[in-house]
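J.: Below is data_37.pdb; it holds PDB, C-alpha atoms and all ligand atoms.
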```pdb
MODEL        1
ATOM      1  CA  MET A  28     -36.967-166.126 -93.365
ATOM      2  CA  SER A  29     -37.901-167.897 -96.584
ATOM      3  CA  LYS A  30     -36.668-166.452 -99.842
ATOM      4  CA  PRO A  31     -39.223-164.698-102.077
ATOM      5  CA  ALA A  32     -40.339-166.879-104.975
ATOM      6  CA  ILE A  33     -39.668-165.463-108.421
ATOM      7  CA  LEU A  34     -40.442-166.637-111.930
ATOM      8  CA  GLN A  35     -37.505-166.390-114.343
ATOM      9  CA  ILE A  36     -38.705-165.964-117.924
ATOM     10  CA  GLY A  37     -35.463-166.341-119.873
ATOM     11  CA  PRO A  38     -31.870-167.442-119.260
ATOM     12  CA  TYR A  39     -29.098-165.250-117.820
ATOM     13  CA  PRO A  40     -25.341-165.798-117.835
ATOM     14  CA  GLN A  41     -23.987-167.926-114.987
ATOM     15  CA  TRP A  42     -22.593-164.851-113.198
ATOM     16  CA  ASP A  43     -26.173-163.579-112.858
ATOM     17  CA  GLN A  44     -27.860-166.914-112.323
ATOM     18  CA  GLU A  45     -25.839-167.809-109.226
ATOM     19  CA  PRO A  46     -26.595-164.657-107.190
ATOM     20  CA  LEU A  47     -30.218-164.808-108.329
ATOM     21  CA  ASP A  48     -30.499-168.407-107.107
ATOM     22  CA  ASP A  49     -28.835-167.404-103.799
ATOM     23  CA  ALA A  50     -31.252-164.571-103.100
ATOM     24  CA  PHE A  51     -34.524-166.024-104.366
ATOM     25  CA  GLN A  52     -36.440-169.220-104.810
ATOM     26  CA  VAL A  53     -36.220-169.246-108.597
ATOM     27  CA  HIS A  54     -38.706-171.071-110.838
ATOM     28  CA  ARG A  55     -37.341-171.312-114.384
ATOM     29  CA  TYR A  56     -40.255-170.767-116.722
ATOM     30  CA  PHE A  57     -38.068-171.066-119.835
ATOM     31  CA  GLU A  58     -36.927-174.568-118.852
ATOM     32  CA  ALA A  59     -40.415-175.937-118.153
ATOM     33  CA  ALA A  60     -41.636-178.406-120.781
ATOM     34  CA  ASP A  61     -45.240-177.694-119.766
ATOM     35  CA  LYS A  62     -45.358-173.959-119.068
ATOM     36  CA  ALA A  63     -49.074-173.844-118.261
ATOM     37  CA  LYS A  64     -48.568-176.609-115.697
ATOM     38  CA  LEU A  65     -45.668-174.757-114.079
ATOM     39  CA  LEU A  66     -47.744-171.566-113.855
ATOM     40  CA  ALA A  67     -50.683-173.468-112.359
ATOM     41  CA  GLU A  68     -48.392-175.052-109.757
ATOM     42  CA  VAL A  69     -46.191-172.142-108.692
ATOM     43  CA  GLY A  70     -48.195-169.086-109.864
ATOM     44  CA  PRO A  71     -49.837-168.367-106.472
ATOM     45  CA  SER A  72     -46.431-168.373-104.710
ATOM     46  CA  ILE A  73     -44.744-165.981-107.173
ATOM     47  CA  ARG A  74     -43.957-162.488-105.797
ATOM     48  CA  GLY A  75     -41.539-161.341-108.498
ATOM     49  CA  ILE A  76     -40.841-161.888-112.196
ATOM     50  CA  ALA A  77     -37.325-161.591-113.641
ATOM     51  CA  THR A  78     -37.585-161.236-117.395
ATOM     52  CA  ARG A  79     -35.728-159.952-120.459
ATOM     53  CA  GLY A  80     -36.548-156.966-122.631
ATOM     54  CA  GLU A  81     -37.755-158.965-125.601
ATOM     55  CA  LEU A  82     -39.691-161.497-123.487
ATOM     56  CA  GLY A  83     -41.494-159.217-121.024
ATOM     57  CA  ALA A  84     -44.585-160.598-119.258
ATOM     58  CA  ASP A  85     -48.034-160.714-120.824
ATOM     59  CA  ARG A  86     -51.446-160.418-119.160
ATOM     60  CA  ALA A  87     -52.004-164.192-118.976
ATOM     61  CA  MET A  88     -48.709-164.671-117.132
ATOM     62  CA  ILE A  89     -49.393-161.773-114.773
ATOM     63  CA  GLU A  90     -52.876-163.090-114.040
ATOM     64  CA  ALA A  91     -51.484-166.557-113.321
ATOM     65  CA  CYS A  92     -49.508-164.955-110.467
ATOM     66  CA  PRO A  93     -52.158-163.426-108.154
ATOM     67  CA  ASN A  94     -49.582-162.419-105.513
ATOM     68  CA  LEU A  95     -47.161-160.786-107.947
ATOM     69  CA  GLU A  96     -45.588-157.561-106.626
ATOM     70  CA  VAL A  97     -42.763-156.678-108.994
ATOM     71  CA  ILE A  98     -41.477-157.327-112.530
ATOM     72  CA  SER A  99     -37.786-156.649-113.108
ATOM     73  CA  VAL A 100     -36.753-156.343-116.770
ATOM     74  CA  TYR A 101     -33.190-157.101-117.948
ATOM     75  CA  GLY A 102     -33.234-154.462-120.693
ATOM     76  CA  VAL A 103     -34.247-150.853-121.173
ATOM     77  CA  GLY A 104     -37.278-151.728-123.306
ATOM     78  CA  PHE A 105     -40.380-152.742-121.353
ATOM     79  CA  ASP A 106     -42.808-152.819-124.304
ATOM     80  CA  ALA A 107     -43.317-156.582-123.882
ATOM     81  CA  VAL A 108     -44.639-156.122-120.328
ATOM     82  CA  ASP A 109     -48.403-155.564-120.136
ATOM     83  CA  LEU A 110     -48.251-152.298-118.199
ATOM     84  CA  GLN A 111     -52.021-151.965-118.071
ATOM     85  CA  ALA A 112     -52.310-155.324-116.300
ATOM     86  CA  CYS A 113     -49.611-154.138-113.865
ATOM     87  CA  ARG A 114     -51.328-150.805-113.194
ATOM     88  CA  GLU A 115     -54.591-152.560-112.397
ATOM     89  CA  ARG A 116     -52.883-154.425-109.534
ATOM     90  CA  ALA A 117     -50.244-151.848-108.558
ATOM     91  CA  ILE A 118     -47.475-154.212-109.626
ATOM     92  CA  ARG A 119     -44.123-152.414-109.779
ATOM     93  CA  VAL A 120     -42.035-152.636-112.985
ATOM     94  CA  THR A 121     -38.312-151.853-113.327
ATOM     95  CA  ASN A 122     -35.850-151.856-116.236
ATOM     96  CA  THR A 123     -32.104-151.358-116.811
ATOM     97  CA  PRO A 124     -31.623-147.950-118.467
ATOM     98  CA  ASP A 125     -28.324-146.027-118.836
ATOM     99  CA  VAL A 126     -25.985-148.984-118.297
ATOM    100  CA  LEU A 127     -26.526-150.193-121.891
ATOM    101  CA  THR A 128     -26.847-146.866-123.734
ATOM    102  CA  ASN A 129     -23.270-146.603-125.015
ATOM    103  CA  ASP A 130     -23.012-150.188-126.226
ATOM    104  CA  VAL A 131     -26.287-149.952-128.119
ATOM    105  CA  ALA A 132     -25.162-146.698-129.752
ATOM    106  CA  ASP A 133     -21.782-148.253-130.599
ATOM    107  CA  LEU A 134     -23.402-151.185-132.385
ATOM    108  CA  GLY A 135     -25.667-148.856-134.369
ATOM    109  CA  ILE A 136     -22.624-146.965-135.629
ATOM    110  CA  ALA A 137     -20.765-150.208-136.328
ATOM    111  CA  MET A 138     -23.751-151.470-138.353
ATOM    112  CA  MET A 139     -23.788-148.283-140.424
ATOM    113  CA  LEU A 140     -20.063-148.528-141.167
ATOM    114  CA  CYS A 141     -20.115-152.269-141.785
ATOM    115  CA  GLN A 142     -23.035-152.059-144.197
ATOM    116  CA  SER A 143     -21.975-148.901-146.000
ATOM    117  CA  ARG A 144     -18.422-150.131-146.583
ATOM    118  CA  GLY A 145     -19.569-153.690-147.418
ATOM    119  CA  MET A 146     -17.391-155.283-144.753
ATOM    120  CA  ILE A 147     -19.198-158.638-144.630
ATOM    121  CA  GLY A 148     -18.834-159.095-148.392
ATOM    122  CA  ALA A 149     -15.250-157.863-148.192
ATOM    123  CA  GLU A 150     -14.400-160.500-145.598
ATOM    124  CA  SER A 151     -15.787-163.215-147.898
ATOM    125  CA  TRP A 152     -13.895-161.674-150.831
ATOM    126  CA  VAL A 153     -10.660-162.373-148.962
ATOM    127  CA  ARG A 154     -11.609-165.765-147.518
ATOM    128  CA  ASP A 155     -13.090-167.334-150.659
ATOM    129  CA  GLY A 156     -10.145-166.369-152.839
ATOM    130  CA  SER A 157     -12.052-163.764-154.891
ATOM    131  CA  TRP A 158      -9.403-161.146-154.147
ATOM    132  CA  ALA A 159      -6.691-163.266-155.744
ATOM    133  CA  GLU A 160      -8.923-164.568-158.581
ATOM    134  CA  LYS A 161     -11.093-161.577-159.471
ATOM    135  CA  GLY A 162      -9.067-158.645-158.210
ATOM    136  CA  LEU A 163     -10.327-155.520-156.552
ATOM    137  CA  TYR A 164     -13.403-155.554-154.305
ATOM    138  CA  PRO A 165     -16.350-153.517-155.695
ATOM    139  CA  LEU A 166     -16.464-149.903-154.513
ATOM    140  CA  LYS A 167     -18.812-149.048-151.654
ATOM    141  CA  ARG A 168     -20.382-145.874-150.239
ATOM    142  CA  ARG A 169     -18.811-143.210-148.015
ATOM    143  CA  VAL A 170     -20.118-142.499-144.517
ATOM    144  CA  TRP A 171     -18.334-139.348-143.348
ATOM    145  CA  GLY A 172     -19.846-136.007-144.269
ATOM    146  CA  ARG A 173     -23.194-137.459-145.332
ATOM    147  CA  ARG A 174     -26.662-136.831-143.856
ATOM    148  CA  ALA A 175     -27.920-138.770-140.830
ATOM    149  CA  GLY A 176     -31.379-138.791-139.246
ATOM    150  CA  VAL A 177     -32.101-140.044-135.745
ATOM    151  CA  LEU A 178     -35.695-141.060-135.104
ATOM    152  CA  GLY A 179     -36.148-140.824-131.335
ATOM    153  CA  LEU A 180     -33.654-138.659-129.479
ATOM    154  CA  GLY A 181     -33.758-140.374-126.096
ATOM    155  CA  ARG A 182     -30.662-141.598-124.279
ATOM    156  CA  ILE A 183     -29.610-144.001-127.050
ATOM    157  CA  GLY A 184     -30.499-141.658-129.927
ATOM    158  CA  PHE A 185     -28.495-138.882-128.305
ATOM    159  CA  GLU A 186     -25.415-141.118-127.988
ATOM    160  CA  VAL A 187     -25.797-142.166-131.628
ATOM    161  CA  ALA A 188     -25.901-138.487-132.658
ATOM    162  CA  LYS A 189     -22.848-137.737-130.509
ATOM    163  CA  ARG A 190     -20.881-140.450-132.277
ATOM    164  CA  LEU A 191     -22.098-139.340-135.737
ATOM    165  CA  LYS A 192     -20.595-135.906-135.100
ATOM    166  CA  GLY A 193     -17.201-137.592-135.142
ATOM    167  CA  PHE A 194     -17.875-138.485-138.791
ATOM    168  CA  ASP A 195     -18.613-134.837-139.659
ATOM    169  CA  MET A 196     -22.147-135.769-140.616
ATOM    170  CA  GLN A 197     -25.097-133.420-140.959
ATOM    171  CA  ILE A 198     -27.411-134.629-138.216
ATOM    172  CA  ALA A 199     -31.154-134.111-137.826
ATOM    173  CA  TYR A 200     -33.663-135.813-135.528
ATOM    174  CA  SER A 201     -37.374-136.349-134.996
ATOM    175  CA  ASP A 202     -39.113-136.712-131.675
ATOM    176  CA  VAL A 203     -42.391-135.635-130.146
ATOM    177  CA  ASP A 204     -40.808-132.224-129.567
ATOM    178  CA  ALA A 205     -37.469-130.429-129.936
ATOM    179  CA  LYS A 206     -35.043-131.340-127.173
ATOM    180  CA  PRO A 207     -33.379-128.551-125.172
ATOM    181  CA  TYR A 208     -30.202-130.666-124.876
ATOM    182  CA  ALA A 209     -29.857-130.974-128.680
ATOM    183  CA  SER A 210     -29.435-127.391-129.837
ATOM    184  CA  GLU A 211     -26.611-128.390-132.206
ATOM    185  CA  LEU A 212     -28.866-130.812-134.079
ATOM    186  CA  THR A 213     -31.618-129.947-136.549
ATOM    187  CA  PHE A 214     -35.131-130.780-135.365
ATOM    188  CA  VAL A 215     -37.477-132.131-138.054
ATOM    189  CA  ALA A 216     -40.894-132.930-136.608
ATOM    190  CA  ASP A 217     -42.153-135.193-139.409
ATOM    191  CA  PRO A 218     -40.414-138.594-139.714
ATOM    192  CA  VAL A 219     -41.124-138.675-143.482
ATOM    193  CA  GLU A 220     -39.375-135.336-143.910
ATOM    194  CA  LEU A 221     -36.527-136.547-141.687
ATOM    195  CA  ALA A 222     -36.113-139.591-143.946
ATOM    196  CA  ARG A 223     -36.162-137.376-147.051
ATOM    197  CA  GLN A 224     -33.292-135.368-145.577
ATOM    198  CA  SER A 225     -31.251-138.459-144.562
ATOM    199  CA  ASP A 226     -28.823-140.874-146.165
ATOM    200  CA  PHE A 227     -28.746-142.952-142.969
ATOM    201  CA  LEU A 228     -31.833-143.178-140.763
ATOM    202  CA  PHE A 229     -31.353-144.583-137.245
ATOM    203  CA  VAL A 230     -34.428-145.886-135.421
ATOM    204  CA  THR A 231     -33.818-145.385-131.697
ATOM    205  CA  LEU A 232     -37.352-144.983-130.376
ATOM    206  CA  ALA A 233     -38.674-146.647-127.246
ATOM    207  CA  ALA A 234     -41.412-148.889-128.653
ATOM    208  CA  SER A 235     -45.036-148.528-127.604
ATOM    209  CA  ALA A 236     -48.480-148.881-129.177
ATOM    210  CA  ALA A 237     -48.107-145.273-130.353
ATOM    211  CA  THR A 238     -44.871-145.913-132.268
ATOM    212  CA  ARG A 239     -45.981-149.164-133.951
ATOM    213  CA  HIS A 240     -45.035-149.039-137.664
ATOM    214  CA  ILE A 241     -44.002-145.388-137.361
ATOM    215  CA  VAL A 242     -41.481-146.323-140.031
ATOM    216  CA  GLY A 243     -43.940-147.312-142.735
ATOM    217  CA  ARG A 244     -43.926-147.247-146.541
ATOM    218  CA  GLU A 245     -43.815-143.448-146.717
ATOM    219  CA  VAL A 246     -40.775-143.091-144.447
ATOM    220  CA  ILE A 247     -38.995-145.961-146.190
ATOM    221  CA  GLU A 248     -39.594-144.574-149.669
ATOM    222  CA  ALA A 249     -38.586-141.074-148.557
ATOM    223  CA  LEU A 250     -35.247-142.559-147.473
ATOM    224  CA  GLY A 251     -35.082-144.047-150.940
ATOM    225  CA  PRO A 252     -32.784-146.134-153.148
ATOM    226  CA  ASP A 253     -29.695-144.314-151.898
ATOM    227  CA  GLY A 254     -30.669-144.521-148.230
ATOM    228  CA  MET A 255     -29.974-146.918-145.367
ATOM    229  CA  LEU A 256     -32.283-147.785-142.463
ATOM    230  CA  ILE A 257     -30.608-148.865-139.210
ATOM    231  CA  ASN A 258     -32.815-150.341-136.467
ATOM    232  CA  ILE A 259     -31.431-150.837-132.956
ATOM    233  CA  SER A 260     -34.776-150.373-131.175
ATOM    234  CA  ARG A 261     -37.671-152.788-131.641
ATOM    235  CA  ALA A 262     -39.024-154.471-134.769
ATOM    236  CA  SER A 263     -42.523-153.140-134.049
ATOM    237  CA  ASN A 264     -41.347-149.596-134.853
ATOM    238  CA  ILE A 265     -41.024-150.663-138.511
ATOM    239  CA  ASP A 266     -43.603-152.046-140.926
ATOM    240  CA  GLU A 267     -41.521-155.100-141.766
ATOM    241  CA  ASP A 268     -43.558-156.060-144.798
ATOM    242  CA  ALA A 269     -43.135-152.574-146.294
ATOM    243  CA  LEU A 270     -39.419-152.760-145.486
ATOM    244  CA  LEU A 271     -39.006-156.145-147.182
ATOM    245  CA  GLN A 272     -40.879-154.997-150.274
ATOM    246  CA  ALA A 273     -38.753-151.845-150.526
ATOM    247  CA  LEU A 274     -35.505-153.798-150.102
ATOM    248  CA  GLU A 275     -36.615-156.408-152.653
ATOM    249  CA  THR A 276     -37.559-153.830-155.266
ATOM    250  CA  GLY A 277     -34.702-151.380-154.649
ATOM    251  CA  ARG A 278     -37.005-148.612-153.418
ATOM    252  CA  LEU A 279     -34.794-148.656-150.313
ATOM    253  CA  GLY A 280     -31.047-149.043-150.769
ATOM    254  CA  TRP A 281     -29.964-150.894-147.627
ATOM    255  CA  ALA A 282     -30.973-151.874-144.121
ATOM    256  CA  ALA A 283     -29.007-152.899-141.053
ATOM    257  CA  LEU A 284     -31.196-154.594-138.450
ATOM    258  CA  ASP A 285     -30.629-155.888-134.921
ATOM    259  CA  VAL A 286     -34.305-156.695-134.241
ATOM    260  CA  PHE A 287     -37.022-158.646-136.077
ATOM    261  CA  GLU A 288     -40.698-159.487-135.795
ATOM    262  CA  GLY A 289     -40.994-162.908-134.154
ATOM    263  CA  GLU A 290     -37.258-163.064-133.379
ATOM    264  CA  PRO A 291     -35.250-165.229-133.102
ATOM    265  CA  LYS A 292     -37.177-166.700-136.043
ATOM    266  CA  LEU A 293     -37.102-164.066-138.739
ATOM    267  CA  ASN A 294     -38.979-163.737-141.986
ATOM    268  CA  PRO A 295     -37.007-165.935-144.472
ATOM    269  CA  ARG A 296     -37.360-163.188-147.100
ATOM    270  CA  PHE A 297     -34.604-161.341-145.224
ATOM    271  CA  LEU A 298     -32.203-164.234-145.839
ATOM    272  CA  ALA A 299     -32.577-163.944-149.603
ATOM    273  CA  LEU A 300     -31.487-160.296-149.633
ATOM    274  CA  ASP A 301     -27.924-159.089-150.005
ATOM    275  CA  ASN A 302     -28.713-155.451-149.176
ATOM    276  CA  VAL A 303     -29.525-156.115-145.529
ATOM    277  CA  LEU A 304     -27.145-156.644-142.610
ATOM    278  CA  LEU A 305     -28.668-159.052-140.085
ATOM    279  CA  GLN A 306     -27.686-158.974-136.411
ATOM    280  CA  PRO A 307     -29.055-161.235-133.623
ATOM    281  CA  HIS A 308     -30.451-158.585-131.209
ATOM    282  CA  HIS A 309     -27.143-158.092-129.445
ATOM    283  CA  ALA A 310     -26.702-154.314-129.280
ATOM    284  CA  SER A 311     -26.343-154.482-125.477
ATOM    285  CA  GLY A 312     -24.419-157.751-125.713
ATOM    286  CA  THR A 313     -21.040-157.016-124.163
ATOM    287  CA  VAL A 314     -19.769-158.728-121.018
ATOM    288  CA  GLU A 315     -19.408-155.364-119.291
ATOM    289  CA  THR A 316     -22.902-154.126-120.055
ATOM    290  CA  ARG A 317     -24.656-157.432-119.453
ATOM    291  CA  LYS A 318     -22.958-157.665-116.022
ATOM    292  CA  ALA A 319     -24.235-154.182-115.186
ATOM    293  CA  MET A 320     -27.722-155.085-116.447
ATOM    294  CA  GLY A 321     -27.806-158.262-114.322
ATOM    295  CA  GLN A 322     -26.700-156.330-111.242
ATOM    296  CA  LEU A 323     -29.393-153.702-111.787
ATOM    297  CA  LEU A 324     -32.037-156.364-112.353
ATOM    298  CA  ARG A 325     -31.143-157.905-108.962
ATOM    299  CA  ASP A 326     -30.764-154.531-107.220
ATOM    300  CA  ASN A 327     -34.309-153.656-108.227
ATOM    301  CA  LEU A 328     -35.692-156.956-106.932
ATOM    302  CA  ALA A 329     -33.675-156.733-103.709
ATOM    303  CA  ALA A 330     -34.776-153.138-103.077
ATOM    304  CA  HIS A 331     -38.400-154.080-103.587
ATOM    305  CA  PHE A 332     -38.308-156.993-101.161
ATOM    306  CA  ALA A 333     -36.409-154.885 -98.602
ATOM    307  CA  GLY A 334     -39.073-152.181 -98.822
ATOM    308  CA  GLN A 335     -36.547-149.699-100.249
ATOM    309  CA  THR A 336     -36.778-147.193-103.088
ATOM    310  CA  LEU A 337     -36.453-148.917-106.476
ATOM    311  CA  PRO A 338     -33.260-147.847-108.321
ATOM    312  CA  THR A 339     -34.828-147.703-111.791
ATOM    313  CA  PRO A 340     -38.615-147.904-111.707
ATOM    314  CA  VAL A 341     -40.853-147.756-114.771
ATOM    315  CA  LEU A 342     -44.084-148.102-112.761
TER     316      LEU A 342
HETATM  317  C1  LIG B   1     -31.429-156.907-124.556
HETATM  318  C2  LIG B   1     -33.024-154.988-125.100
HETATM  319  O1  LIG B   1     -30.872-157.570-125.646
HETATM  320  O2  LIG B   1     -32.535-153.326-123.546
HETATM  321  C3  LIG B   1     -33.382-153.830-124.260
HETATM  322  O3  LIG B   1     -34.536-153.420-124.313
HETATM  323  O4  LIG B   1     -33.773-155.437-125.898
HETATM  324  C4  LIG B   1     -31.666-155.539-124.990
HETATM  325  O5  LIG B   1     -30.810-154.787-124.241
HETATM  326  C5  LIG B   1     -32.432-157.756-123.971
HETATM  327  O6  LIG B   1     -33.327-157.142-123.110
HETATM  328  C6  LIG B   1     -31.748-158.875-123.269
HETATM  329  O7  LIG B   1     -32.579-159.880-123.202
ENDMDL
END
```
Kindly present the structure from the file in C-alpha cells form.
Ligand code: 8YV
T.:
Amino acid sequence: MSKPAILQIGPYPQWDQEPLDDAFQVHRYFEAADKAKLLAEVGPSIRGIATRGELGADRAMIEACPNLEVISVYGVGFDAVDLQACRERAIRVTNTPDVLTNDVADLGIAMMLCQSRGMIGAESWVRDGSWAEKGLYPLKRRVWGRRAGVLGLGRIGFEVAKRLKGFDMQIAYSDVDAKPYASELTFVADPVELARQSDFLFVTLAASAATRHIVGREVIEALGPDGMLINISRASNIDEDALLQALETGRLGWAALDVFEGEPKLNPRFLALDNVLLQPHHASGTVETRKAMGQLLRDNLAAHFAGQTLPTPVL
C-alpha cells in the first residue's frame, strides 16, 4: 500500500524526521524555494499536514489541499491553524498537550529568577572584568515572598503556580472562572486587578481571537514600574506596542519574553532595552520534551490513517 502523502511545514530534529519519512511520503514545504508551485503540484495528493505550533496552517494552505484529512501540530498551541477552515471540511486537528507542560512552566520560573536577580548582566560583569575593576554587582530584586499573578490557569499556568508556591509567594490567578482544582490560590476575575495585585505577572493563556491583546495598556500599567511581565504563551496575548512603550518609559519595570510578534524577527525596539529578557521561543525546547512531542505528532497521524481514535484531538 502506498504511504499517505503529508506536507511538512517546518523542520524537526533528525530523530523525528527519519520515522516521519519512513511512515509517510513527506513533502517539505519549508525547503521549497517556490512554495506556491509546490502547493500547486502536490496539494491534491496531500492527506495530512505536519506542522509546528507557531507555524500552523492557514486557510490558503488548507484550501490548496482539497483531500486534506488531518493536521497534526507539534506544540500545544493551535492558534495558527485556521480551525474554521478545518471545521468546514471536517478536517481533524491534533496537538501535543501535557508532554511539554512542565518544561514550559520551568522556563517561566527560570525567566522570572534570571530577570529579577539580573543574571545576564551578572554573567557579563564577571566575563568583561567589571567585577575586578568596578567591584560589587548592583543589587537586584528579591523573588521569594512577593506577589505573583497567573493569567490563564490551564495546565501550564497551574504548574507555574505550583512552582511559585516553593518560593513562598502570594499567588492569585485570572481565568474565565474560578477553578475547582485551585482552592489554595486567590481568584481575581479582572486581569487589570490581578496585575495591580502582582509583582510578577505570568501570561499562560491559550491564545485565540478572544484573548488577543488581553494584556493591554491598562494591565501593563497596573503592573507598574515595580512589576515584571513574563510571557510564555503567545505574543498575540499582549499588545506589544503598549508593552514597548511602557518598558521604554519605565511605566513597566521589566519583562521576560519567550514569544514575539513576527518571530523570529522581533521588533528592534526590544533590542535597545536593558529591562527585557529575550528568549527564542524555546520553553518546550528540551531533548526529552521535544522527543515526546515528535512521538505524539506521529502517533496522531498514524492513528488517523489507521482509522483509530486520535490520542490528542483538538477537532
Ligand atoms: C513549540 C509551542 O516551541 O507548544 C507550543 O504551542 O509554541 C512550542 O511548544 C513549538 O510548537 C515548536 O515548534
J.: Any residue with an atom at most 7 Å from ligand LIG 1 (chain B) counts, using all atoms listed in the file. Which are they? Put them as a PyMOL selection string.
T.: chain A and resi 79-81+101-105+127+308-312
J.: Quick one: write out the picked residues with C-alpha atoms as a tab-separated table (two decimals), in the frame of the given file?
T.:
```
chain	number	residue	atom	x	y	z
A	79	ARG	CA	-35.73	-159.95	-120.46
A	80	GLY	CA	-36.55	-156.97	-122.63
A	81	GLU	CA	-37.76	-158.96	-125.60
A	101	TYR	CA	-33.19	-157.10	-117.95
A	102	GLY	CA	-33.23	-154.46	-120.69
A	103	VAL	CA	-34.25	-150.85	-121.17
A	104	GLY	CA	-37.28	-151.73	-123.31
A	105	PHE	CA	-40.38	-152.74	-121.35
A	127	LEU	CA	-26.53	-150.19	-121.89
A	308	HIS	CA	-30.45	-158.58	-131.21
A	309	HIS	CA	-27.14	-158.09	-129.44
A	310	ALA	CA	-26.70	-154.31	-129.28
A	311	SER	CA	-26.34	-154.48	-125.48
A	312	GLY	CA	-24.42	-157.75	-125.71
```
J.: Quick check on the file I pasted: which residues fall under the PyMOL selection byres (((chain A and resi 261) around 8) and not hetatm)? Write them as JSON, numbers by chain.
T.: {"A": [232, 233, 234, 258, 259, 260, 262, 263, 264, 265, 286, 287]}
J.: Enumerate, as an mmCIF file with C-alpha atoms, keeping the file's coordinate frame, the residues matched when the PyMOL selection byres (((chain A and resi 219-227) around 7) and not hetatm) is run on the file above.
T.:
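The file below, part.cif, is the result:
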```
data_model
loop_
_atom_site.group_PDB
_atom_site.id
_atom_site.type_symbol
_atom_site.label_atom_id
_atom_site.label_comp_id
_atom_site.auth_asym_id
_atom_site.auth_seq_id
_atom_site.Cartn_x
_atom_site.Cartn_y
_atom_site.Cartn_z
ATOM 1 C CA ARG A 173 -23.194 -137.459 -145.332
ATOM 2 C CA ARG A 174 -26.662 -136.831 -143.856
ATOM 3 C CA ALA A 175 -27.920 -138.770 -140.830
ATOM 4 C CA GLY A 176 -31.379 -138.791 -139.246
ATOM 5 C CA TYR A 200 -33.663 -135.813 -135.528
ATOM 6 C CA SER A 201 -37.374 -136.349 -134.996
ATOM 7 C CA VAL A 215 -37.477 -132.131 -138.054
ATOM 8 C CA ASP A 217 -42.153 -135.193 -139.409
ATOM 9 C CA PRO A 218 -40.414 -138.594 -139.714
ATOM 10 C CA LEU A 228 -31.833 -143.178 -140.763
ATOM 11 C CA PHE A 229 -31.353 -144.583 -137.245
ATOM 12 C CA GLU A 245 -43.815 -143.448 -146.717
ATOM 13 C CA VAL A 246 -40.775 -143.091 -144.447
ATOM 14 C CA ALA A 249 -38.586 -141.074 -148.557
ATOM 15 C CA LEU A 250 -35.247 -142.559 -147.473
ATOM 16 C CA ASP A 253 -29.695 -144.314 -151.898
ATOM 17 C CA GLY A 254 -30.669 -144.521 -148.230
ATOM 18 C CA MET A 255 -29.974 -146.918 -145.367
ATOM 19 C CA LEU A 256 -32.283 -147.785 -142.463
#
```
J.: Would you mind reading off the distance between CA of Met320 in chain A and CA of Pro71 in chain A, one decimal, in Å?
T.: 27.7 Å
J.: Taking into account all atoms listed in the file, which residue in the set A:Gly37, A:Gly193, A:Gly135, A:Gly184 is nearest to Leu284 in chain A?
T.: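 Closest to Leu284 in chain A of all the choices is A:Gly135.
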J.: Name the residues that the PyMOL selection byres (((chain A and resi 89) around 10) and not hetatm) picks from the file above, as a list in words, using the file's chain letters and numbers.
T.: Leu66, Gly70, Ile73, Ile76, Ala84, Asp85, Arg86, Ala87, Met88, Glu90, Ala91, Cys92, Pro93, Asn94, Leu95, Glu96, Ile98, Val108, Asp109, Ala112, Cys113, Arg116 and Ile118 of chain A
J.: Find the distance between CA of Pro295 in chain A and CA of Leu82 in chain A and write it in Å to one decimal.
T.: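 CA of Leu82 in chain A lies at a distance of 21.6 Å from CA of Pro295 in chain A.
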J.: Return the single residue from A:Val153, A:Ala132, A:Val314, A:Leu323 that is closest to Thr231 in chain A, with distances computed using only C-alpha atoms.
T.: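 Under the stated criterion, the closest residue is A:Ala132.
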J.: Calculated over all atoms listed in the file, which of the candidates A:Phe297, A:Thr238, A:Asp133, A:Val203 has the smallest distance to Ala216 in chain A?
T.: A:Val203
J.: Measure the distance from CA of Ile147 in chain A to CA of Gln306 in chain A in Å and round it to one decimal.
T.: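 Between CA of Ile147 in chain A and CA of Gln306 in chain A the gap is 11.8 Å.
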J.: Have a look at A:Ala333, A:Ala236, A:Ile136, A:Leu271 and name the one nearest to Val187 in chain A; count only C-alpha atoms.
T.: A:Ile136
J.: Can you pull out the residues contacting His331 in chain A? Cut-off 12 Å, using all atoms listed in the file, and skip same-chain residues under 4 positions away; I want them as a ChimeraX atom specification.
T.: /A:31,74-76,95-99,118-121,324-327,335-340
J.: Have a look at A:Cys141, A:Gln111, A:Gln35, A:Glu58 and name the one nearest to Thr78 in chain A; count all atoms listed in the file.
T.: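 Of A:Cys141, A:Gln111, A:Gln35, A:Glu58, the one nearest Thr78 in chain A, counting all atoms listed in the file, is A:Gln35.
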J.: Could you tell me which of A:Ile33, A:Ala329, A:Val177, A:Leu304 comes closest to Met146 in chain A if we count only C-alpha atoms?
T.: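 Among A:Ile33, A:Ala329, A:Val177, A:Leu304, it is A:Leu304 that comes nearest to Met146 in chain A.
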